[in-house]
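Participant: To be precise about what I am sending: the file is called upload_30.cif and holds mmCIF, C-alpha atoms.
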```cif
data_my_file
#
loop_
_atom_site.label_atom_id
_atom_site.label_comp_id
_atom_site.auth_asym_id
_atom_site.auth_seq_id
_atom_site.Cartn_x
_atom_site.Cartn_y
_atom_site.Cartn_z
CA MET A 3 1.41 -41.88 -21.15
CA ASN A 4 -0.17 -38.43 -21.33
CA VAL A 5 2.14 -35.51 -21.93
CA LEU A 6 1.51 -33.87 -18.53
CA THR A 7 2.69 -36.96 -16.68
CA GLN A 8 5.74 -37.69 -18.81
CA PRO A 9 8.98 -37.52 -16.81
CA ILE A 10 11.79 -35.22 -17.92
CA ALA A 11 15.45 -34.96 -16.92
CA ILE A 12 17.08 -31.53 -16.60
CA CYS A 13 20.81 -31.46 -15.85
CA GLY A 14 20.51 -34.94 -14.40
CA VAL A 15 17.54 -33.98 -12.19
CA GLU A 16 14.68 -36.39 -12.86
CA LEU A 17 11.25 -34.75 -12.70
CA SER A 18 8.29 -37.13 -12.40
CA ASP A 19 6.01 -34.98 -14.56
CA ARG A 20 5.71 -31.60 -16.29
CA LEU A 21 3.82 -29.72 -13.55
CA VAL A 22 5.75 -26.97 -11.75
CA MET A 23 4.89 -24.83 -8.77
CA PRO A 24 6.44 -21.48 -9.75
CA PRO A 25 7.97 -19.05 -7.25
CA MET A 26 5.33 -17.05 -5.36
CA ALA A 27 6.00 -14.91 -2.30
CA SER A 28 4.12 -16.39 0.66
CA GLY A 29 4.87 -13.86 3.40
CA LYS A 30 5.57 -16.81 5.71
CA PRO A 31 9.32 -16.49 6.46
CA ASN A 32 10.38 -15.13 9.85
CA PRO A 33 10.78 -11.33 10.06
CA ASP A 34 14.56 -11.72 9.67
CA GLY A 35 14.12 -13.74 6.47
CA THR A 36 14.92 -17.13 7.96
CA VAL A 37 12.73 -20.16 7.32
CA SER A 38 9.79 -20.46 9.70
CA ASP A 39 7.82 -23.53 10.71
CA SER A 40 4.81 -22.18 8.80
CA LEU A 41 6.89 -21.81 5.64
CA VAL A 42 8.04 -25.44 5.89
CA GLU A 43 4.47 -26.59 6.44
CA TYR A 44 3.28 -24.50 3.48
CA TYR A 45 5.69 -26.15 1.04
CA LYS A 46 5.07 -29.54 2.59
CA GLU A 47 1.34 -29.11 1.95
CA LYS A 48 1.79 -27.89 -1.64
CA SER A 49 4.09 -30.79 -2.57
CA GLN A 50 2.20 -33.48 -0.61
CA GLY A 51 1.84 -36.74 -2.49
CA GLY A 52 4.56 -36.04 -5.05
CA TYR A 53 2.15 -34.94 -7.78
CA LEU A 54 4.33 -32.02 -8.87
CA GLY A 55 7.50 -32.54 -10.85
CA LEU A 56 9.22 -29.46 -9.46
CA VAL A 57 8.80 -26.73 -6.88
CA ILE A 58 10.64 -23.44 -7.43
CA THR A 59 10.65 -21.76 -4.04
CA GLU A 60 9.81 -18.08 -3.56
CA HIS A 61 12.41 -15.46 -4.36
CA ALA A 62 15.18 -15.15 -1.77
CA PHE A 63 17.35 -12.05 -1.55
CA VAL A 64 21.08 -12.54 -2.13
CA CYS A 65 22.15 -9.48 -0.10
CA GLN A 66 20.50 -6.97 2.22
CA GLN A 67 20.41 -4.18 -0.38
CA GLY A 68 18.54 -6.51 -2.72
CA LYS A 69 15.68 -7.29 -0.32
CA ALA A 70 12.42 -6.60 -2.14
CA HIS A 71 10.00 -6.37 0.78
CA GLY A 72 9.36 -7.28 4.37
CA GLY A 73 8.72 -10.96 4.95
CA GLN A 74 10.96 -12.02 2.08
CA LEU A 75 13.07 -15.16 2.34
CA SER A 76 16.83 -14.71 2.78
CA ILE A 77 19.67 -16.66 1.22
CA ALA A 78 22.19 -13.90 1.96
CA ARG A 79 23.86 -15.37 5.06
CA GLU A 80 25.52 -18.58 6.12
CA GLU A 81 23.11 -18.79 9.07
CA ASP A 82 20.23 -19.12 6.56
CA ILE A 83 21.46 -22.55 5.44
CA PRO A 84 19.96 -24.76 8.20
CA GLY A 85 16.47 -23.34 7.63
CA LEU A 86 16.83 -23.63 3.87
CA ARG A 87 17.85 -27.26 4.37
CA ARG A 88 14.61 -27.86 6.29
CA LEU A 89 12.71 -26.32 3.37
CA ALA A 90 14.44 -28.45 0.72
CA ASP A 91 13.99 -31.58 2.84
CA ALA A 92 10.26 -30.95 3.27
CA ILE A 93 9.81 -30.88 -0.50
CA HIS A 94 12.16 -33.79 -1.17
CA ASN A 95 10.43 -35.95 1.45
CA ASN A 96 7.32 -35.73 -0.73
CA GLY A 97 9.24 -37.00 -3.75
CA VAL A 98 9.41 -33.63 -5.49
CA LYS A 99 12.50 -31.80 -6.75
CA ALA A 100 13.28 -28.33 -5.42
CA VAL A 101 14.96 -25.31 -7.03
CA ALA A 102 15.63 -22.09 -5.09
CA GLN A 103 14.94 -18.79 -6.82
CA ILE A 104 17.56 -16.15 -5.94
CA SER A 105 17.01 -12.47 -6.49
CA HIS A 106 18.11 -8.85 -6.08
CA ALA A 107 15.37 -6.23 -6.21
CA GLY A 108 17.61 -3.36 -7.29
CA GLY A 109 15.61 -0.17 -7.73
CA ALA A 110 12.46 -2.00 -6.60
CA ALA A 111 13.86 -2.44 -3.08
CA ASN A 112 12.27 -0.40 -0.29
CA PRO A 113 14.84 1.50 1.81
CA GLN A 114 12.54 1.11 4.82
CA ASP A 115 13.08 -2.66 4.56
CA THR A 116 16.76 -2.67 3.61
CA GLY A 117 18.09 0.35 5.49
CA MET A 118 20.06 1.15 2.34
CA GLU A 119 19.63 3.30 -0.75
CA PRO A 120 18.15 1.54 -3.79
CA VAL A 121 20.43 0.95 -6.78
CA SER A 122 19.73 0.06 -10.39
CA ALA A 123 21.24 0.09 -13.87
CA SER A 124 20.62 3.83 -14.13
CA ALA A 125 19.09 6.62 -12.09
CA VAL A 126 15.75 5.93 -13.76
CA GLN A 127 12.43 5.25 -12.08
CA SER A 128 10.91 1.84 -12.74
CA PRO A 129 7.67 1.76 -14.75
CA ARG A 130 6.28 -0.34 -11.88
CA ALA A 131 7.36 2.05 -9.11
CA LYS A 132 4.75 3.23 -6.65
CA ALA A 133 4.07 6.93 -6.22
CA GLY A 134 6.70 8.52 -4.02
CA ALA A 135 9.24 5.74 -4.43
CA PRO A 136 12.83 7.02 -4.20
CA LEU A 137 14.89 7.33 -7.34
CA PRO A 138 17.55 4.59 -7.46
CA ARG A 139 21.23 5.38 -7.90
CA ALA A 140 23.15 3.98 -10.87
CA MET A 141 25.46 1.15 -9.79
CA THR A 142 29.21 1.36 -10.19
CA VAL A 143 31.04 -1.44 -11.97
CA GLY A 144 32.49 -2.49 -8.63
CA GLU A 145 29.01 -2.76 -7.14
CA ILE A 146 27.87 -4.86 -10.11
CA GLN A 147 30.73 -7.27 -9.56
CA ALA A 148 29.91 -7.49 -5.85
CA VAL A 149 26.34 -8.49 -6.68
CA VAL A 150 27.58 -11.05 -9.22
CA GLU A 151 29.58 -12.60 -6.38
CA ALA A 152 26.53 -12.41 -4.09
CA PHE A 153 24.54 -14.47 -6.60
CA ALA A 154 27.35 -17.03 -6.75
CA GLN A 155 27.55 -17.30 -2.96
CA ALA A 156 23.76 -17.59 -2.68
CA ALA A 157 23.82 -20.46 -5.18
CA CYS A 158 26.47 -22.19 -3.07
CA ARG A 159 24.21 -21.86 -0.02
CA ALA A 160 21.31 -23.39 -1.95
CA GLN A 161 23.56 -26.25 -3.00
CA GLU A 162 24.77 -26.80 0.58
CA ALA A 163 21.16 -26.75 1.79
CA GLY A 164 20.35 -29.63 -0.57
CA PHE A 165 18.36 -27.93 -3.31
CA ASP A 166 18.53 -29.49 -6.77
CA GLY A 167 19.31 -26.17 -8.41
CA VAL A 168 18.84 -22.42 -8.44
CA GLU A 169 16.90 -20.00 -10.61
CA LEU A 170 18.19 -16.47 -11.21
CA HIS A 171 15.31 -14.00 -11.12
CA ALA A 172 15.72 -11.74 -14.15
CA ALA A 173 12.04 -10.83 -14.57
CA HIS A 174 9.25 -8.69 -13.09
CA GLY A 175 11.31 -5.51 -12.94
CA TYR A 176 13.98 -6.69 -10.49
CA LEU A 177 17.68 -5.81 -10.79
CA LEU A 178 18.80 -8.21 -13.53
CA ASN A 179 15.67 -7.20 -15.47
CA GLN A 180 16.47 -3.52 -14.88
CA PHE A 181 19.79 -4.01 -16.66
CA TYR A 182 18.17 -6.12 -19.40
CA SER A 183 15.38 -3.66 -20.27
CA PRO A 184 16.11 -0.50 -22.28
CA LEU A 185 13.39 1.21 -20.24
CA THR A 186 15.68 1.38 -17.21
CA ASN A 187 19.16 0.78 -18.65
CA HIS A 188 20.48 4.09 -19.97
CA ARG A 189 24.12 3.24 -19.35
CA THR A 190 26.91 3.98 -21.81
CA ASP A 191 29.66 1.72 -20.40
CA ALA A 192 30.18 -2.03 -21.01
CA TYR A 193 26.66 -2.63 -19.60
CA THR A 194 25.18 -0.19 -22.11
CA GLY A 195 21.46 -0.11 -22.69
CA ALA A 196 22.06 0.62 -26.38
CA THR A 197 22.83 -3.00 -27.32
CA LEU A 198 21.50 -6.42 -26.42
CA ALA A 199 25.02 -7.52 -25.49
CA GLY A 200 25.35 -4.63 -23.04
CA ARG A 201 21.94 -5.16 -21.48
CA LEU A 202 22.56 -8.89 -21.08
CA ARG A 203 26.10 -8.58 -19.74
CA PHE A 204 25.21 -8.46 -16.01
CA LEU A 205 22.95 -11.52 -16.27
CA LEU A 206 25.54 -13.48 -18.26
CA GLU A 207 28.23 -12.61 -15.72
CA ALA A 208 25.95 -13.82 -12.92
CA VAL A 209 25.22 -17.05 -14.79
CA GLU A 210 28.91 -17.68 -15.41
CA ALA A 211 29.81 -16.95 -11.77
CA VAL A 212 27.10 -19.24 -10.46
CA ARG A 213 28.09 -22.04 -12.81
CA ALA A 214 31.74 -21.71 -11.79
CA ALA A 215 30.75 -21.80 -8.10
CA VAL A 216 28.38 -24.79 -8.13
CA GLY A 217 29.84 -26.90 -10.94
CA GLN A 218 28.28 -28.46 -14.00
CA GLU A 219 26.00 -30.95 -12.24
CA PHE A 220 23.81 -28.41 -10.39
CA LEU A 221 20.67 -27.32 -12.24
CA LEU A 222 20.81 -23.66 -13.26
CA ALA A 223 17.65 -21.90 -14.44
CA VAL A 224 16.86 -18.31 -15.40
CA ARG A 225 13.46 -16.66 -15.16
CA LEU A 226 13.64 -14.07 -17.91
CA GLY A 227 11.47 -11.01 -18.37
CA THR A 228 11.00 -11.93 -21.99
CA GLY A 229 9.03 -8.82 -22.92
CA ASP A 230 7.93 -5.60 -21.23
CA ASP A 231 4.73 -5.10 -23.26
CA MET A 232 5.53 -1.39 -23.22
CA PRO A 233 6.73 0.99 -25.94
CA GLY A 234 10.52 1.02 -26.05
CA GLY A 235 10.80 -2.04 -23.83
CA THR A 236 12.31 -5.47 -24.28
CA THR A 237 10.85 -7.53 -27.13
CA VAL A 238 10.52 -11.25 -27.73
CA GLU A 239 12.99 -10.90 -30.63
CA ASP A 240 15.57 -9.62 -28.12
CA SER A 241 14.81 -12.48 -25.79
CA VAL A 242 15.06 -15.26 -28.34
CA ARG A 243 18.66 -14.23 -28.97
CA ALA A 244 19.24 -13.67 -25.25
CA CYS A 245 18.02 -17.19 -24.47
CA GLN A 246 20.37 -18.65 -27.06
CA LEU A 247 23.26 -16.85 -25.34
CA LEU A 248 22.08 -18.01 -21.91
CA GLU A 249 21.99 -21.59 -23.14
CA GLN A 250 25.54 -21.22 -24.45
CA ALA A 251 26.58 -19.86 -21.04
CA GLY A 252 25.36 -23.02 -19.29
CA VAL A 253 21.71 -22.39 -18.37
CA ASP A 254 19.74 -25.65 -18.14
CA LEU A 255 16.16 -24.34 -17.94
CA LEU A 256 14.53 -21.17 -19.27
CA ASP A 257 11.51 -19.89 -17.34
CA ILE A 258 9.53 -17.47 -19.51
CA SER A 259 7.69 -14.63 -17.82
CA GLY A 260 7.08 -10.89 -18.09
CA GLY A 261 9.48 -8.03 -17.64
CA PHE A 262 8.08 -4.71 -16.45
CA CYS A 263 4.59 -5.99 -17.18
CA GLY A 264 5.19 -8.35 -14.25
CA PRO A 265 3.77 -11.86 -14.00
CA TYR A 266 0.62 -10.75 -15.83
CA ARG A 267 -0.19 -9.76 -19.37
CA GLY A 268 -2.74 -7.00 -19.71
CA GLY A 269 -5.76 -7.68 -21.83
CA SER A 270 -5.12 -11.42 -22.17
CA LYS A 271 -7.52 -13.96 -20.70
CA GLU A 272 -5.85 -16.89 -22.42
CA GLN A 273 -4.44 -19.55 -20.11
CA GLY A 274 -0.70 -19.57 -20.64
CA TYR A 275 -0.65 -15.97 -21.85
CA PHE A 276 3.14 -15.97 -22.19
CA SER A 277 2.98 -19.02 -24.46
CA ASP A 278 3.66 -17.15 -27.72
CA TRP A 279 6.93 -15.95 -26.15
CA SER A 280 7.79 -19.38 -24.76
CA GLN A 281 7.13 -21.00 -28.14
CA ALA A 282 9.44 -18.55 -29.89
CA VAL A 283 12.17 -19.33 -27.35
CA LYS A 284 11.56 -23.10 -27.46
CA GLU A 285 11.97 -23.12 -31.24
CA ALA A 286 15.39 -21.44 -30.87
CA VAL A 287 16.99 -23.41 -28.01
CA SER A 288 17.53 -27.04 -27.06
CA VAL A 289 17.18 -26.75 -23.26
CA PRO A 290 13.74 -27.16 -21.66
CA VAL A 291 11.40 -24.17 -21.50
CA LEU A 292 8.89 -23.46 -18.73
CA VAL A 293 5.81 -21.27 -19.25
CA THR A 294 3.44 -19.78 -16.70
CA GLY A 295 0.57 -17.34 -16.95
CA GLY A 296 -2.95 -17.91 -15.71
CA ILE A 297 -2.98 -21.69 -16.20
CA THR A 298 -5.78 -23.14 -14.09
CA GLN A 299 -7.22 -26.03 -16.14
CA PRO A 300 -5.46 -29.33 -16.91
CA GLU A 301 -6.78 -29.21 -20.46
CA ALA A 302 -5.07 -25.88 -21.04
CA ALA A 303 -1.81 -27.17 -19.56
CA ARG A 304 -1.95 -30.26 -21.77
CA ARG A 305 -2.66 -28.21 -24.92
CA LEU A 306 0.35 -25.98 -24.28
CA LEU A 307 2.66 -28.98 -24.13
CA GLU A 308 1.08 -30.80 -27.06
CA ALA A 309 1.30 -27.66 -29.21
CA GLY A 310 5.02 -27.33 -28.51
CA LYS A 311 4.63 -24.07 -26.60
CA ALA A 312 6.82 -25.29 -23.73
CA ASP A 313 8.26 -28.37 -22.05
CA LEU A 314 6.86 -27.66 -18.58
CA VAL A 315 3.93 -25.64 -17.23
CA GLY A 316 3.92 -23.53 -14.09
CA VAL A 317 0.66 -23.40 -12.16
CA GLY A 318 0.56 -20.70 -9.49
CA ARG A 319 -2.80 -19.29 -8.48
CA ALA A 320 -4.61 -22.61 -8.89
CA LEU A 321 -2.18 -24.24 -6.45
CA LEU A 322 -2.47 -21.33 -4.04
CA LYS A 323 -6.23 -21.81 -3.93
CA ASP A 324 -6.21 -25.60 -3.97
CA SER A 325 -3.28 -27.67 -2.69
CA LEU A 326 -4.88 -30.80 -4.18
CA TRP A 327 -4.99 -29.38 -7.72
CA ALA A 328 -1.99 -31.36 -8.97
CA LYS A 329 -3.29 -34.57 -7.39
CA ARG A 330 -6.55 -34.25 -9.26
CA VAL A 331 -4.81 -33.48 -12.54
CA VAL A 332 -2.44 -36.45 -12.29
CA SER A 333 -5.36 -38.72 -11.32
CA ILE A 334 -7.39 -37.53 -14.32
CA GLU A 335 -4.45 -38.02 -16.65
CA ALA A 336 -3.80 -41.53 -15.30
CA ALA A 337 -7.47 -42.51 -15.70
CA SER A 338 -7.47 -41.37 -19.35
CA VAL A 339 -4.59 -43.63 -20.41
#
```
As a first step, turn the structure in this file into structure tokens.

Facilitator:
Amino acid sequence: MNVLTQPIAICGVELSDRLVMPPMASGKPNPDGTVSDSLVEYYKEKSQGGYLGLVITEHAFVCQQGKAHGGQLSIAREEDIPGLRRLADAIHNNGVKAVAQISHAGGAANPQDTGMEPVSASAVQSPRAKAGAPLPRAMTVGEIQAVVEAFAQAACRAQEAGFDGVELHAAHGYLLNQFYSPLTNHRTDAYTGATLAGRLRFLLEAVEAVRAAVGQEFLLAVRLGTGDDMPGGTTVEDSVRACQLLEQAGVDLLDISGGFCGPYRGGSKEQGYFSDWSQAVKEAVSVPVLVTGGITQPEAARRLLEAGKADLVGVGRALLKDSLWAKRVVSIEAASV
């Protein structure tokens, strides 16, 4: 059996192969954030035939203040559960496992969308902020704890809706990433930006709260902004240690992506351009590691796995352009056996 089509079990969840549809905002939810018919059809089309091992659905906000943009999916309310169940069922009916990504935008939130002031680790503007964006306010400890609880409750909603797990979004300059990066965490309290332990504290508290809320049998993943690719930002050395601590805290899958550099890596045309980071993490942990980053060719995906760069590969833009991409890859792999 070729490496791309080898099954893998993560926290008891059996994936049929190593191909993953990573979270990508579709703009298809209803204006109030609930699941629309077009969103269900979109995920049904992408997972048709069961050629993907896993779909990680687009980021869903855990509370109103954490909404990143208009048209974002919500997992903040009990009334979201029936629609989320439709979404999970559409993916499961195609024989594919489904994980819900849950998120808080923090200082990246737009007050015009949330109706609330943006908050972050510190009153520091994000390196990714658009011109004229308001300066976020530093969160109080009480507000941090409230968001930790919001993540836990969102995970419970995902579980009730029938998802196989959740992924905490701690990448791409969103709130958990804002605490993790020294570029935006200038705090001096227990969440201090001066130490890795302080910068990681919020994320670890969220992981521990989610695990306590959903139990040990529910898959828990983290998408980590493994590096900022900016002077003074988070480094891969930081993140190797962070991933070891996340594994100890009960994380089952580590999804390696960019921090304030976003889902891209400037100047790199290599398919799997986060693979040097994912390899460093994979060599330091025992849980599976997922890598994304410009992967469009099955040969590139196969090489990443064979070289030990990761255990799973996320394919985004290729699947956006071509819903039959995974079918063709699996067919090619089967024919080459």

Participant: Written as a list of chain:residue names, what is the full residue list that the PyMOL selection byres ((chain A and resi 50) around 9) yields on the file shown?

Facilitator: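 With the PyMOL selection byres ((chain A and resi 50) around 9) on this model, the match is A:Tyr45, A:Lys46, A:Glu47, A:Lys48, A:Ser49, A:Gly51, A:Gly52, A:Tyr53, A:Leu54, A:Ile93, A:Asn95, A:Asn96, A:Gly97, A:Val98, A:Ser325, A:Leu326, A:Lys329.
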
Participant: Give me the result of the PyMOL selection byres ((chain A and resi 156) around 8) on this file, residue by residue, as an MDAnalysis selection string.

Facilitator: chainID A and resid 64 77:78 104 152:155 157:160

Participant: Is there a way to get, as a PyMOL selection string, all residues within 6 Å of the point (6.0, -20.0, -20.3) in file coordinates, counting all atoms listed in the file?

Facilitator: chain A and resi 258+276-277+280+292-294

Participant: Can you pull out every residue within 12 Å of stretch 37-40 of chain A, counting only C-alpha atoms, but drop anything in the same chain fewer than 6 positions away, and send it as a list in words?

Facilitator: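 In the requested format, the answer is Ser28, Gly29, Lys30, Pro31, Lys46, Glu47, Thr59, Glu60, Ala62, Gly73, Gln74, Leu75, Ser76, Ile77, Glu81, Asp82, Ile83, Pro84, Gly85, Leu86, Arg87, Arg88, Leu89, Ala90 and Ala92 of chain A.
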
Participant: Could you tell me how far atom CA of A:Asp115 sits from atom CA of A:Lys69, in Å to one decimal place?

Facilitator: 7.2 Å

Participant: Taking the file as shown, what set of residues would the PyMOL selection byres ((chain A and resi 167-176) around 6) give back, as a count of residues only?

Facilitator: 25

Participant: Measuring between only C-alpha atoms, which one of A:Pro184, A:Pro129, A:Gly144, A:Gly68 shows the shortest distance to A:Thr237?

Facilitator: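 Nearest to A:Thr237: A:Pro184.
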
Participant: Excluding same-chain residues fewer than 4 positions from A:Val57, what lies within 7 Å of it counting all atoms listed in the file, as a list of chain:residue names?

Facilitator: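 Within the cut-off, the hits are A:Val22, A:Met23, A:Pro24, A:Lys99, A:Ala100, A:Val101.
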
Participant: How far is it from atom CA of A:Asn112 to atom CA of A:Ala135, in Å with one decimal?

Facilitator: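 Between these atoms lies a distance of 8.0 Å.
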
Participant: Report, in Å to a single decimal, how far apart atom CA of A:Gly310 and atom CA of A:Gln281 are.

Facilitator: 6.7 Å
